[in-house]
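Novice: Could you have a look at this structure, given as structure tokens, before my questions?
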Amino acid sequence: MGILGNIFSVDDKNEIVRFGSYGVIKLETIYGLIGRLIAVAIIAVVMFAVIKIGNYAINRFVKRQSESQARFSMDTKKVTTIGAILKSVLKYTVYFIGIAAILDKLTGGMSLTFAGIGGAVIGFGAKDIVNDIANGFFIIFEDQFGVGDYITIDDNYSGIVSSIGLRSTKLVDFNGNTHIMPNGSIKVVTNHCKENVRITVDVDIAYEESIDKAIEVISKACDKFAKGNDDIIEKPAVLGVTKLNDSSVTIRVNGKVKPLTQLTNETRLRKMLKEALDENNVEIPYQKLHIVNFDNIEK
């Protein structure tokens with residue numbers, strides 16, 4: 001205690017703390033600093049609690065809307081997207097207010113000059129942020145795309161929208177790559193999930209085959225394909241002969257399916273058509289290689 005007393009001592013009479021020969025600090029200053037640190041800790045806890053409670057409330061809202069059968073309820077994709085936006089708004093709002101309150105406690109109130117300079121700097125830096133946020137709101141309220149939609153942005157990036165925030169949109173392509181784009185940079189969007197998608201399958205048959213027979217076989221295969229298929233919106237049907245090639249006749253089949261199911265259904269339909277044509281001995285032309293042994297040819 002003797003050594004500590006030489007280094008650190010409290011003078012209650014004068015309300016100061018002595019630090020050896022280094023100087024003194026008023027107790028009032030120390031109490032004020034401790035009070036500010038406690039206030040900062042309380043603000044941080046409140047910020048954490050508000051975000052947690054707000055996210056919980058937003059998740060409940062999203063769940064209730066997606067499960068609701070009410071007339072004015074929103075579809076799952078749209079309510080999920082709005083939920084993501086609300087979480088982003090909540091987070092940025094709490095951060096802004098909380099950081100402002102913490103700075104106020106630590107600095108004891110910023111002067112007008114400092115606030116003016118800081119405001120100007122923030123204004124220049126926030127120009128792109130404001131543009132991103134504004135475009136984000138237009139994306140949502142104009143229903144340009146939502147979470148879970150398959151879209152193409154500016155003819156450069158295609159994939160599934162994984163999240164939409166106030167400032168950016170996350171897009172996951174079919175290779176698993178995640179593209180994060182500021183909303184303000186998004187100019188042209190092609191949404192592949194807005195309407196039902198047309199599927200087209202071309203089948204080539206040999207000139208020697210009967211076109212009427214081939215169309216009949218293909219039509220029956222289309223009926224079989226559509227039976228019990230929940231993805232079908234418009235049953236695939238034979239459009240007719242669309243092309244006369246050098247060694248084949250092209251017959252086209254068209255139909256409509258739900259968004260994001262076109263690739264799977266086209267693949268399955270091609271397989272069924274090939275099997276049906278093989279079963280009915282309808283030839284699909286292909287290049288054949290004949291090897292001729294001239295040694296065996298009689299001169």
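In the structure tokens, each chain is lettered A, B, ... as it comes, each chain's residues begin at 1, and ligands are numbered from 1 in order of appearance.
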Just the residues within 12 Å of Lys256 of chain A, please, counting only C-alpha atoms, with nothing from its chain fewer than 3 positions along; format it as a PDB file with N, CA and C atoms, in the first residue's frame.
Specialist:
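To be explicit, this is the file written out as part.pdb:
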ATOM      1  N   GLU A 195     -43.878 -14.373 -65.523  1.00  0.00           N
ATOM      2  CA  GLU A 195     -44.922 -15.059 -66.271  1.00  0.00           C
ATOM      3  C   GLU A 195     -44.548 -16.529 -66.459  1.00  0.00           C
ATOM      4  N   ASN A 196     -45.539 -17.315 -66.849  1.00  0.00           N
ATOM      5  CA  ASN A 196     -45.267 -18.717 -67.170  1.00  0.00           C
ATOM      6  C   ASN A 196     -44.335 -18.794 -68.380  1.00  0.00           C
ATOM      7  N   VAL A 197     -43.523 -19.841 -68.426  1.00  0.00           N
ATOM      8  CA  VAL A 197     -42.457 -19.935 -69.421  1.00  0.00           C
ATOM      9  C   VAL A 197     -42.826 -20.939 -70.515  1.00  0.00           C
ATOM     10  N   ARG A 198     -42.543 -20.550 -71.753  1.00  0.00           N
ATOM     11  CA  ARG A 198     -42.801 -21.453 -72.877  1.00  0.00           C
ATOM     12  C   ARG A 198     -41.641 -22.427 -73.042  1.00  0.00           C
ATOM     13  N   ILE A 199     -41.967 -23.689 -73.268  1.00  0.00           N
ATOM     14  CA  ILE A 199     -40.941 -24.686 -73.585  1.00  0.00           C
ATOM     15  C   ILE A 199     -41.087 -25.087 -75.043  1.00  0.00           C
ATOM     16  N   THR A 200     -39.963 -25.310 -75.702  1.00  0.00           N
ATOM     17  CA  THR A 200     -39.952 -25.674 -77.118  1.00  0.00           C
ATOM     18  C   THR A 200     -38.985 -26.825 -77.331  1.00  0.00           C
ATOM     19  N   VAL A 201     -39.476 -27.879 -77.979  1.00  0.00           N
ATOM     20  CA  VAL A 201     -38.639 -29.035 -78.302  1.00  0.00           C
ATOM     21  C   VAL A 201     -38.797 -29.336 -79.787  1.00  0.00           C
ATOM     22  N   ALA A 226     -47.741 -34.843 -69.899  1.00  0.00           N
ATOM     23  CA  ALA A 226     -48.524 -33.860 -69.151  1.00  0.00           C
ATOM     24  C   ALA A 226     -49.331 -34.487 -68.022  1.00  0.00           C
ATOM     25  N   ASN A 229     -48.360 -34.044 -64.190  1.00  0.00           N
ATOM     26  CA  ASN A 229     -47.246 -33.095 -64.080  1.00  0.00           C
ATOM     27  C   ASN A 229     -47.794 -31.747 -63.587  1.00  0.00           C
ATOM     28  N   ASP A 230     -47.492 -31.398 -62.352  1.00  0.00           N
ATOM     29  CA  ASP A 230     -48.012 -30.162 -61.759  1.00  0.00           C
ATOM     30  C   ASP A 230     -47.364 -28.912 -62.317  1.00  0.00           C
ATOM     31  N   ASP A 231     -46.246 -29.076 -63.040  1.00  0.00           N
ATOM     32  CA  ASP A 231     -45.568 -27.907 -63.608  1.00  0.00           C
ATOM     33  C   ASP A 231     -46.240 -27.400 -64.872  1.00  0.00           C
ATOM     34  N   ILE A 232     -47.079 -28.216 -65.468  1.00  0.00           N
ATOM     35  CA  ILE A 232     -47.677 -27.875 -66.759  1.00  0.00           C
ATOM     36  C   ILE A 232     -48.749 -26.812 -66.594  1.00  0.00           C
ATOM     37  N   ILE A 233     -48.639 -25.740 -67.357  1.00  0.00           N
ATOM     38  CA  ILE A 233     -49.664 -24.700 -67.436  1.00  0.00           C
ATOM     39  C   ILE A 233     -50.451 -24.862 -68.739  1.00  0.00           C
ATOM     40  N   GLU A 234     -49.734 -25.130 -69.811  1.00  0.00           N
ATOM     41  CA  GLU A 234     -50.354 -25.380 -71.114  1.00  0.00           C
ATOM     42  C   GLU A 234     -49.729 -26.653 -71.678  1.00  0.00           C
ATOM     43  N   LYS A 235     -50.554 -27.673 -71.876  1.00  0.00           N
ATOM     44  CA  LYS A 235     -50.038 -28.978 -72.288  1.00  0.00           C
ATOM     45  C   LYS A 235     -49.235 -28.880 -73.589  1.00  0.00           C
ATOM     46  N   PRO A 236     -48.038 -29.507 -73.639  1.00  0.00           N
ATOM     47  CA  PRO A 236     -47.258 -29.499 -74.880  1.00  0.00           C
ATOM     48  C   PRO A 236     -48.060 -30.113 -76.034  1.00  0.00           C
ATOM     49  N   ALA A 237     -47.985 -29.451 -77.166  1.00  0.00           N
ATOM     50  CA  ALA A 237     -48.721 -29.907 -78.346  1.00  0.00           C
ATOM     51  C   ALA A 237     -47.857 -29.702 -79.581  1.00  0.00           C
ATOM     52  N   VAL A 253     -42.609 -28.892 -80.983  1.00  0.00           N
ATOM     53  CA  VAL A 253     -43.578 -29.066 -79.900  1.00  0.00           C
ATOM     54  C   VAL A 253     -43.477 -27.862 -78.967  1.00  0.00           C
ATOM     55  N   PRO A 259     -42.617 -20.923 -63.913  1.00  0.00           N
ATOM     56  CA  PRO A 259     -41.261 -20.353 -63.935  1.00  0.00           C
ATOM     57  C   PRO A 259     -40.254 -21.238 -63.213  1.00  0.00           C
ATOM     58  N   LEU A 260     -39.039 -21.254 -63.730  1.00  0.00           N
ATOM     59  CA  LEU A 260     -37.899 -21.991 -63.175  1.00  0.00           C
ATOM     60  C   LEU A 260     -37.996 -23.503 -63.350  1.00  0.00           C
ATOM     61  N   THR A 261     -38.998 -23.975 -64.099  1.00  0.00           N
ATOM     62  CA  THR A 261     -39.117 -25.421 -64.314  1.00  0.00           C
ATOM     63  C   THR A 261     -38.876 -25.794 -65.770  1.00  0.00           C
ATOM     64  N   GLN A 262     -38.570 -24.796 -66.626  1.00  0.00           N
ATOM     65  CA  GLN A 262     -38.484 -25.063 -68.056  1.00  0.00           C
ATOM     66  C   GLN A 262     -37.360 -26.013 -68.419  1.00  0.00           C
ATOM     67  N   LEU A 263     -36.199 -25.878 -67.791  1.00  0.00           N
ATOM     68  CA  LEU A 263     -35.064 -26.729 -68.144  1.00  0.00           C
ATOM     69  C   LEU A 263     -35.344 -28.187 -67.809  1.00  0.00           C
ATOM     70  N   ASN A 265     -38.277 -29.663 -67.430  1.00  0.00           N
ATOM     71  CA  ASN A 265     -39.362 -30.215 -68.229  1.00  0.00           C
ATOM     72  C   ASN A 265     -38.971 -30.427 -69.683  1.00  0.00           C
ATOM     73  N   GLU A 266     -38.158 -29.549 -70.240  1.00  0.00           N
ATOM     74  CA  GLU A 266     -37.690 -29.763 -71.608  1.00  0.00           C
ATOM     75  C   GLU A 266     -36.828 -31.017 -71.697  1.00  0.00           C
TER      76      GLU A 266
END
Novice: Write out as an MDAnalysis selection string all residues of segment 79-290 of chain A that backbone DSSP assigns to strand (DSSP E).
Specialist: chainID A and resid 150:153 157:164 168:172 178:182 189:191 197:205 232:244 249:257
Novice: When DSSP is applied to the backbone of this structure, which of segment 72-232 of chain A are assigned alpha helix (DSSP H)? Write them out as a VMD selection string.
Specialist: chain A and resid 76 to 107 112 to 125 127 to 141 211 to 226
Novice: Would you kindly return, as a ChimeraX atom specification, each protein, DNA or RNA residue with an atom no farther than 12 Å from any atom of His192 of chain A, considering only C-alpha atoms and excluding same-chain residues fewer than 6 positions away?
Specialist: /A:144-146,148-153,158-161,198,258-262
Novice: Please provide the set of residues having any atom within 9 Å of segment 239-241 of chain A, restricted to only C-alpha atoms, with same-chain residues fewer than 3 positions apart removed, written as a list in words.
Specialist: Ile211, Ile215, Leu244, Val249, Thr250, Ile251, Arg252, Val253 and Asn254 of chain A
Novice: Could you save those same residues with all heavy atoms as a PDB file, in the first residue's frame?
Specialist:
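Writing the result to again.pdb gives the following:
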ATOM      1  N   ILE A 211     -44.964 -38.366 -91.898  1.00  0.00           N
ATOM      2  CA  ILE A 211     -45.097 -37.221 -90.991  1.00  0.00           C
ATOM      3  C   ILE A 211     -46.320 -37.382 -90.103  1.00  0.00           C
ATOM      4  O   ILE A 211     -46.292 -37.082 -88.905  1.00  0.00           O
ATOM      5  CB  ILE A 211     -45.178 -35.908 -91.800  1.00  0.00           C
ATOM      6  CG1 ILE A 211     -43.841 -35.646 -92.504  1.00  0.00           C
ATOM      7  CG2 ILE A 211     -45.533 -34.734 -90.890  1.00  0.00           C
ATOM      8  CD1 ILE A 211     -43.833 -34.405 -93.360  1.00  0.00           C
ATOM      9  N   ILE A 215     -46.282 -37.377 -86.058  1.00  0.00           N
ATOM     10  CA  ILE A 215     -47.045 -36.408 -85.269  1.00  0.00           C
ATOM     11  C   ILE A 215     -47.964 -37.115 -84.287  1.00  0.00           C
ATOM     12  O   ILE A 215     -48.118 -36.692 -83.127  1.00  0.00           O
ATOM     13  CB  ILE A 215     -47.842 -35.472 -86.204  1.00  0.00           C
ATOM     14  CG1 ILE A 215     -46.886 -34.537 -86.951  1.00  0.00           C
ATOM     15  CG2 ILE A 215     -48.876 -34.669 -85.422  1.00  0.00           C
ATOM     16  CD1 ILE A 215     -47.556 -33.633 -87.963  1.00  0.00           C
ATOM     17  N   LEU A 244     -37.461 -27.883 -93.193  1.00  0.00           N
ATOM     18  CA  LEU A 244     -37.066 -28.986 -94.071  1.00  0.00           C
ATOM     19  C   LEU A 244     -35.551 -28.918 -94.230  1.00  0.00           C
ATOM     20  O   LEU A 244     -35.022 -28.048 -94.929  1.00  0.00           O
ATOM     21  CB  LEU A 244     -37.762 -28.880 -95.424  1.00  0.00           C
ATOM     22  CG  LEU A 244     -39.294 -28.921 -95.399  1.00  0.00           C
ATOM     23  CD1 LEU A 244     -39.862 -28.702 -96.797  1.00  0.00           C
ATOM     24  CD2 LEU A 244     -39.785 -30.263 -94.845  1.00  0.00           C
ATOM     25  N   VAL A 249     -36.683 -33.802 -91.401  1.00  0.00           N
ATOM     26  CA  VAL A 249     -37.828 -32.898 -91.277  1.00  0.00           C
ATOM     27  C   VAL A 249     -37.971 -32.558 -89.787  1.00  0.00           C
ATOM     28  O   VAL A 249     -37.978 -33.455 -88.944  1.00  0.00           O
ATOM     29  CB  VAL A 249     -39.123 -33.564 -91.788  1.00  0.00           C
ATOM     30  CG1 VAL A 249     -40.312 -32.638 -91.577  1.00  0.00           C
ATOM     31  CG2 VAL A 249     -38.980 -33.936 -93.258  1.00  0.00           C
ATOM     32  N   THR A 250     -38.090 -31.258 -89.467  1.00  0.00           N
ATOM     33  CA  THR A 250     -38.186 -30.819 -88.073  1.00  0.00           C
ATOM     34  C   THR A 250     -39.642 -30.600 -87.689  1.00  0.00           C
ATOM     35  O   THR A 250     -40.361 -29.837 -88.351  1.00  0.00           O
ATOM     36  CB  THR A 250     -37.397 -29.518 -87.837  1.00  0.00           C
ATOM     37  OG1 THR A 250     -36.022 -29.745 -88.154  1.00  0.00           O
ATOM     38  CG2 THR A 250     -37.510 -29.067 -86.394  1.00  0.00           C
ATOM     39  N   ILE A 251     -40.049 -31.266 -86.616  1.00  0.00           N
ATOM     40  CA  ILE A 251     -41.393 -31.102 -86.052  1.00  0.00           C
ATOM     41  C   ILE A 251     -41.237 -30.419 -84.685  1.00  0.00           C
ATOM     42  O   ILE A 251     -40.472 -30.887 -83.846  1.00  0.00           O
ATOM     43  CB  ILE A 251     -42.112 -32.453 -85.892  1.00  0.00           C
ATOM     44  CG1 ILE A 251     -42.261 -33.125 -87.269  1.00  0.00           C
ATOM     45  CG2 ILE A 251     -43.476 -32.274 -85.231  1.00  0.00           C
ATOM     46  CD1 ILE A 251     -42.827 -34.527 -87.191  1.00  0.00           C
ATOM     47  N   ARG A 252     -41.978 -29.337 -84.477  1.00  0.00           N
ATOM     48  CA  ARG A 252     -41.838 -28.551 -83.237  1.00  0.00           C
ATOM     49  C   ARG A 252     -42.986 -28.815 -82.266  1.00  0.00           C
ATOM     50  O   ARG A 252     -44.145 -28.936 -82.677  1.00  0.00           O
ATOM     51  CB  ARG A 252     -41.751 -27.070 -83.554  1.00  0.00           C
ATOM     52  CG  ARG A 252     -41.694 -26.147 -82.339  1.00  0.00           C
ATOM     53  CD  ARG A 252     -41.185 -24.778 -82.707  1.00  0.00           C
ATOM     54  NE  ARG A 252     -39.789 -24.836 -83.136  1.00  0.00           N
ATOM     55  CZ  ARG A 252     -39.086 -23.785 -83.555  1.00  0.00           C
ATOM     56  NH1 ARG A 252     -39.669 -22.592 -83.606  1.00  0.00           N
ATOM     57  NH2 ARG A 252     -37.827 -23.922 -83.914  1.00  0.00           N
ATOM     58  N   VAL A 253     -42.609 -28.892 -80.983  1.00  0.00           N
ATOM     59  CA  VAL A 253     -43.578 -29.066 -79.900  1.00  0.00           C
ATOM     60  C   VAL A 253     -43.477 -27.862 -78.967  1.00  0.00           C
ATOM     61  O   VAL A 253     -42.381 -27.487 -78.552  1.00  0.00           O
ATOM     62  CB  VAL A 253     -43.298 -30.362 -79.110  1.00  0.00           C
ATOM     63  CG1 VAL A 253     -44.244 -30.480 -77.912  1.00  0.00           C
ATOM     64  CG2 VAL A 253     -43.426 -31.578 -80.023  1.00  0.00           C
ATOM     65  N   ASN A 254     -44.621 -27.253 -78.627  1.00  0.00           N
ATOM     66  CA  ASN A 254     -44.657 -26.091 -77.739  1.00  0.00           C
ATOM     67  C   ASN A 254     -45.573 -26.355 -76.551  1.00  0.00           C
ATOM     68  O   ASN A 254     -46.564 -27.088 -76.654  1.00  0.00           O
ATOM     69  CB  ASN A 254     -45.174 -24.848 -78.473  1.00  0.00           C
ATOM     70  CG  ASN A 254     -44.076 -24.152 -79.254  1.00  0.00           C
ATOM     71  OD1 ASN A 254     -42.893 -24.374 -78.999  1.00  0.00           O
ATOM     72  ND2 ASN A 254     -44.454 -23.306 -80.191  1.00  0.00           N
TER      73      ASN A 254
END
Novice: Calculated over only C-alpha atoms, which of the candidates A:Ile38, A:Val257, A:Leu86, A:Leu33 has the smallest distance to Tyr56 of chain A?
Specialist: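 Smallest distance to Tyr56 of chain A is found for A:Leu86.
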Novice: Quick one: residues within 8 Å of Ala39 of chain A, only C-alpha atoms, excluding same-chain residues fewer than 3 positions away - as a JSON list (two decimals) with N, CA, C and O atoms, in the first residue's frame?
Specialist:
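And here's out.json as it stands now:
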[["chain", "number", "residue", "atom", "x", "y", "z"],
["A", 35, "GLY", "N", -19.55, 7.85, -15.83],
["A", 35, "GLY", "CA", -20.96, 7.97, -16.20],
["A", 35, "GLY", "C", -21.18, 7.86, -17.69],
["A", 35, "GLY", "O", -22.12, 7.21, -18.16],
["A", 36, "ARG", "N", -20.26, 8.49, -18.47],
["A", 36, "ARG", "CA", -20.38, 8.42, -19.93],
["A", 36, "ARG", "C", -20.15, 7.00, -20.45],
["A", 36, "ARG", "O", -20.87, 6.53, -21.35],
["A", 42, "ILE", "N", -24.96, 1.18, -21.91],
["A", 42, "ILE", "CA", -26.42, 1.03, -21.89],
["A", 42, "ILE", "C", -26.99, 1.24, -23.29],
["A", 42, "ILE", "O", -27.86, 0.50, -23.75],
["A", 43, "ILE", "N", -26.47, 2.25, -24.02],
["A", 43, "ILE", "CA", -26.95, 2.51, -25.39],
["A", 43, "ILE", "C", -26.66, 1.32, -26.29],
["A", 43, "ILE", "O", -27.52, 0.89, -27.10],
["A", 102, "ILE", "N", -24.15, 7.90, -28.84],
["A", 102, "ILE", "CA", -22.83, 7.59, -28.24],
["A", 102, "ILE", "C", -21.86, 8.75, -28.43],
["A", 102, "ILE", "O", -21.15, 9.14, -27.49],
["A", 105, "LYS", "N", -22.68, 11.49, -26.05],
["A", 105, "LYS", "CA", -22.24, 11.21, -24.68],
["A", 105, "LYS", "C", -20.72, 11.37, -24.54],
["A", 105, "LYS", "O", -20.24, 11.87, -23.52]]
